[in-house]
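Quick notes on the structure that follows.
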2 protein chains.
Amino acid sequence: MYLPPHFEETDPSQIYELIDEFPLAVLVAQTEQGIVANHIPLMLQEKQELLGHLALNNDLHQLVSSGQEVLTIFRGEDAYISPNWYPTKPIHHKHVPTWNYQVVHIYGKIYYQNDEKSKLAAVGKLTKKMEERTNGETAWRMADAPSDYLNDLLENIVAFRIEITKILGKSKVSQNREAIDFDNVANVLAEQGSTHMSTRMNRIRENREKE
Amino acid sequence: MYLPPHFEETDPSQIYELIDEFPLAVLVAQTEQGIVANHIPLMLQEKQELLGHLALNNDLHQLVSSGQEVLTIFRGEDAYISPNWYPTKPIHHKHVPTWNYQVVHIYGKIYYQNDEKSKLAAVGKLTKKMEERTNGETAWRMADAPSDYLNDLLENIVAFRIEITKILGKSKVSQNREAIDFDNVANVLAEQGSTHMSTRMNRIRENREKE
């Protein structure tokens with residue numbers, strides 16, 4: 001990934017929150033059939049590994065061996081940024097359009113887990129997290145489903161963990177602009193409903209003010 | 001990509017609209033340095049090629065030769081789907097959580113374009129499309145910026161086109177569920193603000209009713 005220093009995300013909280021808030025990763029691997037990509041929700045464990053599962057019918061676990069390097073991509077909100085949003089535009093007109101986004105690229109080695117305990121952990125942890133977030137006290141629990149039905153489903157998945165070797169974070173959110181332009185972009189994005197990105201930009205602004 | 005027949009998107013309008021509505025693609029390539037991914041807005045041209053540009057400082061154009069195959073990934077909204085949203089849940093409880101998403105994977109061969117005309121076309125077409133969408137009659141135009149400033153910027157980019165060789169569309173949007181469950185998922189997603197996905201699901205529902 002092209003990662004100029006002014007867009008490199010070095011704040012661990014921004015990186016870990018993005019993974020937590022946007023769990024549907026793109027898992028990319030090089031295979032004999034070329035580049036293959038799948039969209040799979042992943043959970044970070046102890047900041048050291050990613051946990052996930054895939055359908056047994058997904059040939060990824062046949063095309064990509066245990067121990068092979070894969071890339072996972074997490075992406076937050078993105079937005080087209082118009083030059084019209086910069087208050088300094090009428091002053092010097094030295095602006096062009098751009099695109100804002102926040103991404104985390106995690107490289108690691110994938111290891112499949114076929115035992116029932118690992119498979120239950122992979123689906124159970126994800127379910128618990130997402131149900132608490134979505135439904136709170138009325139969270140659905142795996143025990144709500146018939147056990148025969150669950151066992152059949154578990155037989156049709158493969159769990160995996162990805163041992164993390166490298167994390168790259170990129171926040172391309174107008175932080176290379178003048179403060180007055182940065183602030184207005186954050187405001188317009190909030191008005192447009194890109195609340196995740198504007199919240200993260202406000203945090204960057206607060207950190208900037210502390211320095 | 002794992003693409004079971006019931007999730008394969010075969011409706012061209014769904015595929016082309018997704019590319020149009022979510023232009024920020026992930027461009028993935030295999031290189032000597034492993035898998036490299038960049039986030040770049042792309043435009044579909046005549047349904048045959050994708051047009052884009054990247055910073056000259058982005059080493060992608062050095063790592064990946066003209067004519068090499070790359071994968072581009074377009075993704076719309078995604079959402080965690082709770083079993084609680086299925087009206088049939090209290091009847092048989094045979095439901096588990098899942099994730100809905102729509103993606104388009106386009107494979108093609110990348111060709112760089114360094115001449116000024118191609119570079120102007122790559123930025124100009126994207127600007128026109130996004131400004132008309134964002135600002136309508138007050139659209140920013142490239143002529144609004146000083147020409148020396150624009151020329152300096154153009155010298156620092158490389159345009160490219162990707163000759164499309166394969167398009168895979170996947171709509172994983174509960175269409176394998178009973179109609180009553182599908183309909184309620186679409187309603188909940190609309191309430192949650194996933195309006196793109198719920199709109200697309202309603203179109204799938206309408207097509208289903210015509211059959």
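In the structure tokens, the first chain shown is A, the next is B, and so on; residue numbers restart at 1 for each chain, and ligands run from 1 in the order shown.
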Members of segment 65-147 of chain A assigned helix (DSSP H, G or I) by DSSP, as a ChimeraX atom specification: /A:83-85,89-92,116-138,142-144,147
Could you write those residues out with N, CA and C atoms, as a short mmCIF file (atom, residue, chain, number, x, y, z; two decimals), in the first residue's frame?
```cif
data_model
loop_
_atom_site.label_atom_id
_atom_site.label_comp_id
_atom_site.auth_asym_id
_atom_site.auth_seq_id
_atom_site.Cartn_x
_atom_site.Cartn_y
_atom_site.Cartn_z
N PRO A 83 -13.40 20.05 -3.54
CA PRO A 83 -12.65 21.29 -3.26
C PRO A 83 -13.56 22.38 -2.70
N ASN A 84 -14.86 22.32 -3.02
CA ASN A 84 -15.81 23.33 -2.52
C ASN A 84 -15.90 23.35 -0.99
N TRP A 85 -15.44 22.28 -0.36
CA TRP A 85 -15.57 22.19 1.10
C TRP A 85 -14.43 22.87 1.84
N LYS A 89 -10.52 27.77 -0.32
CA LYS A 89 -10.61 27.68 -1.78
C LYS A 89 -10.74 29.04 -2.46
N PRO A 90 -11.70 29.90 -2.03
CA PRO A 90 -11.83 31.19 -2.74
C PRO A 90 -10.60 32.07 -2.60
N ILE A 91 -9.71 31.75 -1.64
CA ILE A 91 -8.52 32.59 -1.44
C ILE A 91 -7.46 32.30 -2.49
N HIS A 92 -7.12 31.00 -2.66
CA HIS A 92 -6.01 30.70 -3.60
C HIS A 92 -6.36 29.66 -4.66
N GLU A 116 -13.70 -29.43 16.93
CA GLU A 116 -14.99 -28.84 17.28
C GLU A 116 -14.85 -27.67 18.25
N LYS A 117 -13.91 -27.78 19.19
CA LYS A 117 -13.73 -26.73 20.19
C LYS A 117 -13.34 -25.41 19.52
N SER A 118 -12.40 -25.49 18.58
CA SER A 118 -11.97 -24.26 17.88
C SER A 118 -13.09 -23.68 17.04
N LYS A 119 -13.85 -24.57 16.39
CA LYS A 119 -14.94 -24.08 15.54
C LYS A 119 -16.01 -23.40 16.40
N LEU A 120 -16.34 -24.01 17.53
CA LEU A 120 -17.32 -23.41 18.44
C LEU A 120 -16.83 -22.05 18.96
N ALA A 121 -15.53 -21.98 19.27
CA ALA A 121 -14.97 -20.71 19.77
C ALA A 121 -15.06 -19.64 18.69
N ALA A 122 -14.74 -20.01 17.45
CA ALA A 122 -14.73 -19.02 16.36
C ALA A 122 -16.12 -18.42 16.14
N VAL A 123 -17.14 -19.26 16.09
CA VAL A 123 -18.49 -18.73 15.87
C VAL A 123 -19.07 -18.14 17.16
N GLY A 124 -18.73 -18.73 18.29
CA GLY A 124 -19.29 -18.27 19.55
C GLY A 124 -18.81 -16.88 19.94
N LYS A 125 -17.53 -16.62 19.80
CA LYS A 125 -17.00 -15.29 20.17
C LYS A 125 -17.55 -14.20 19.27
N LEU A 126 -17.64 -14.49 17.98
CA LEU A 126 -18.16 -13.49 17.05
C LEU A 126 -19.64 -13.22 17.33
N THR A 127 -20.39 -14.31 17.57
CA THR A 127 -21.82 -14.17 17.87
C THR A 127 -22.02 -13.33 19.13
N LYS A 128 -21.27 -13.63 20.19
CA LYS A 128 -21.43 -12.92 21.46
C LYS A 128 -21.17 -11.42 21.27
N LYS A 129 -20.08 -11.11 20.58
CA LYS A 129 -19.74 -9.71 20.37
C LYS A 129 -20.81 -8.98 19.55
N MET A 130 -21.21 -9.58 18.44
CA MET A 130 -22.14 -8.89 17.55
C MET A 130 -23.55 -8.83 18.13
N GLU A 131 -23.96 -9.88 18.84
CA GLU A 131 -25.30 -9.87 19.44
C GLU A 131 -25.40 -8.85 20.58
N GLU A 132 -24.36 -8.76 21.39
CA GLU A 132 -24.39 -7.77 22.48
C GLU A 132 -24.46 -6.36 21.91
N ARG A 133 -23.72 -6.16 20.83
CA ARG A 133 -23.71 -4.85 20.19
C ARG A 133 -25.05 -4.54 19.54
N THR A 134 -25.68 -5.56 18.93
CA THR A 134 -26.89 -5.35 18.15
C THR A 134 -28.15 -5.37 19.00
N ASN A 135 -28.21 -6.31 19.93
CA ASN A 135 -29.46 -6.55 20.65
C ASN A 135 -29.37 -6.36 22.17
N GLY A 136 -28.17 -6.13 22.68
CA GLY A 136 -28.03 -5.89 24.12
C GLY A 136 -28.62 -7.01 24.96
N GLU A 137 -29.57 -6.66 25.79
CA GLU A 137 -30.12 -7.66 26.73
C GLU A 137 -30.94 -8.75 26.05
N THR A 138 -31.40 -8.47 24.82
CA THR A 138 -32.16 -9.51 24.12
C THR A 138 -31.27 -10.27 23.12
N MET A 142 -26.38 -18.93 21.10
CA MET A 142 -26.30 -20.16 20.31
C MET A 142 -27.19 -21.25 20.91
N ALA A 143 -27.36 -21.21 22.25
CA ALA A 143 -28.21 -22.22 22.91
C ALA A 143 -29.67 -22.10 22.49
N ASP A 144 -30.03 -20.97 21.82
CA ASP A 144 -31.41 -20.79 21.36
C ASP A 144 -31.75 -21.72 20.19
N SER A 147 -29.66 -28.24 19.11
CA SER A 147 -28.25 -28.64 19.09
C SER A 147 -27.91 -29.48 17.85
#
```
Interface, chain B side, toward chain A (8 Å; only C-alpha atoms) as a ChimeraX atom specification: /B:1-2,24,28-30,35-38,41,57-60,70-71,78,80,82-84,93-97,99,127,130-131,134,140,142,144-146,149
Based on the selection just made, write C-alpha atoms of those residues as a PDB file, in the first residue's frame.
```
ATOM      1  CA  MET B   1     -14.205 -15.907  -4.087  1.00  0.00           C
ATOM      2  CA  TYR B   2     -16.566 -18.498  -2.665  1.00  0.00           C
ATOM      3  CA  LEU B  24     -13.418   3.336  -4.119  1.00  0.00           C
ATOM      4  CA  VAL B  28      -4.857  -5.984  -5.448  1.00  0.00           C
ATOM      5  CA  ALA B  29      -1.767  -7.314  -7.171  1.00  0.00           C
ATOM      6  CA  GLN B  30       0.771 -10.031  -6.637  1.00  0.00           C
ATOM      7  CA  ILE B  35       0.405  -9.171  -2.133  1.00  0.00           C
ATOM      8  CA  VAL B  36      -0.019  -5.400  -2.384  1.00  0.00           C
ATOM      9  CA  ALA B  37      -3.362  -3.602  -2.093  1.00  0.00           C
ATOM     10  CA  ASN B  38      -4.258   0.037  -2.744  1.00  0.00           C
ATOM     11  CA  PRO B  41     -11.514   5.232  -7.062  1.00  0.00           C
ATOM     12  CA  ASN B  57       5.301   7.976  -5.680  1.00  0.00           C
ATOM     13  CA  ASN B  58       3.124   4.869  -5.377  1.00  0.00           C
ATOM     14  CA  ASP B  59       5.530   2.091  -6.351  1.00  0.00           C
ATOM     15  CA  LEU B  60       2.682  -0.057  -7.701  1.00  0.00           C
ATOM     16  CA  VAL B  70      -4.765  -7.450 -11.101  1.00  0.00           C
ATOM     17  CA  LEU B  71      -7.925  -7.879  -9.052  1.00  0.00           C
ATOM     18  CA  ASP B  78     -22.478  -4.723   4.666  1.00  0.00           C
ATOM     19  CA  TYR B  80     -24.410  -8.220  10.585  1.00  0.00           C
ATOM     20  CA  SER B  82     -29.171 -11.257  13.756  1.00  0.00           C
ATOM     21  CA  PRO B  83     -31.366 -14.381  14.010  1.00  0.00           C
ATOM     22  CA  ASN B  84     -33.759 -12.173  16.027  1.00  0.00           C
ATOM     23  CA  HIS B  93     -35.317 -21.670  15.924  1.00  0.00           C
ATOM     24  CA  LYS B  94     -33.264 -23.010  13.019  1.00  0.00           C
ATOM     25  CA  HIS B  95     -31.334 -19.804  12.459  1.00  0.00           C
ATOM     26  CA  VAL B  96     -27.828 -18.571  13.165  1.00  0.00           C
ATOM     27  CA  PRO B  97     -26.194 -15.174  12.627  1.00  0.00           C
ATOM     28  CA  TRP B  99     -23.300 -11.299   7.410  1.00  0.00           C
ATOM     29  CA  THR B 127     -14.069  14.854 -11.174  1.00  0.00           C
ATOM     30  CA  MET B 130     -18.322  13.073  -8.560  1.00  0.00           C
ATOM     31  CA  GLU B 131     -18.825  16.857  -8.638  1.00  0.00           C
ATOM     32  CA  THR B 134     -22.037  16.011  -4.943  1.00  0.00           C
ATOM     33  CA  TRP B 140     -16.237  22.455  -8.996  1.00  0.00           C
ATOM     34  CA  MET B 142     -10.780  21.768 -13.020  1.00  0.00           C
ATOM     35  CA  ASP B 144     -11.302  26.699 -11.275  1.00  0.00           C
ATOM     36  CA  ALA B 145      -7.719  25.866 -10.242  1.00  0.00           C
ATOM     37  CA  PRO B 146      -4.618  27.731 -11.528  1.00  0.00           C
ATOM     38  CA  TYR B 149      -0.850  24.241 -10.097  1.00  0.00           C
TER      39      TYR B 149
END
```
Nearest to His61 of chain A by atom-to-atom distance, counting only C-alpha atoms, from A:Ser174, A:Tyr16, A:Thr31, A:Phe182: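 Selected residue with least distance to His61 of chain A: A:Thr31.
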Top pick for closest residue to Ile157 of chain A, considering A:Val185, A:Leu56, A:Ile110, A:Leu51 and counting only C-alpha atoms: A:Leu56
For atom CA of Thr195 of chain A and atom CA of Glu77 of chain A, the interatomic separation in Å (one decimal):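 Separation of atom CA of Thr195 of chain A and atom CA of Glu77 of chain A: 8.6 Å.
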Test item, strand (DSSP E) assignment across chain A, answer as a PyMOL selection string: chain A and resi 24-31+34-41+43-45+49-55+69-81+98-113+157-172
Close residues, Ile162 of chain A itself excluded, 6 Å, only C-alpha atoms, min 6 positions apart in chain, as number ranges by chain: A: 49-50, 108-110
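Atom CA of Gly169 of chain A lies 6.3 Å from atom CA of Ile15 of chain A.
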Distance in Å - atom CA of Pro12 of chain A versus atom CA of Ala186 of chain A: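 For atom CA of Pro12 of chain A relative to atom CA of Ala186 of chain A, the distance reads 21.0 Å.
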Segment 203-207 of chain B environment, 9 Å, only C-alpha atoms, sequence neighbours closer than 5 positions dropped, as a PyMOL selection string: chain B and resi 175+179+182-183+198
Produce a file of the selected residues containing C-alpha atoms, as a PDB file, in the first residue's frame.
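As written to disk, again35.pdb reads:
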```pdb
ATOM      1  CA  GLN B 175     -32.281 -14.231  -0.658  1.00  0.00           C
ATOM      2  CA  ALA B 179     -39.809 -14.620   1.896  1.00  0.00           C
ATOM      3  CA  PHE B 182     -36.052 -11.846   3.729  1.00  0.00           C
ATOM      4  CA  ASP B 183     -38.630  -9.057   3.839  1.00  0.00           C
ATOM      5  CA  SER B 198     -32.319  -2.483   1.504  1.00  0.00           C
TER       6      SER B 198
END
```
B:Gln62, B:Asn114, B:Thr165, B:Asn156 ranked by distance to Gln33 of chain B, top pick (using only C-alpha atoms): B:Gln62
Selected residue, from B:Ile19, B:Val188, B:Met43, B:Val104, that lies nearest to Lys170 of chain B when counting only C-alpha atoms: B:Val104
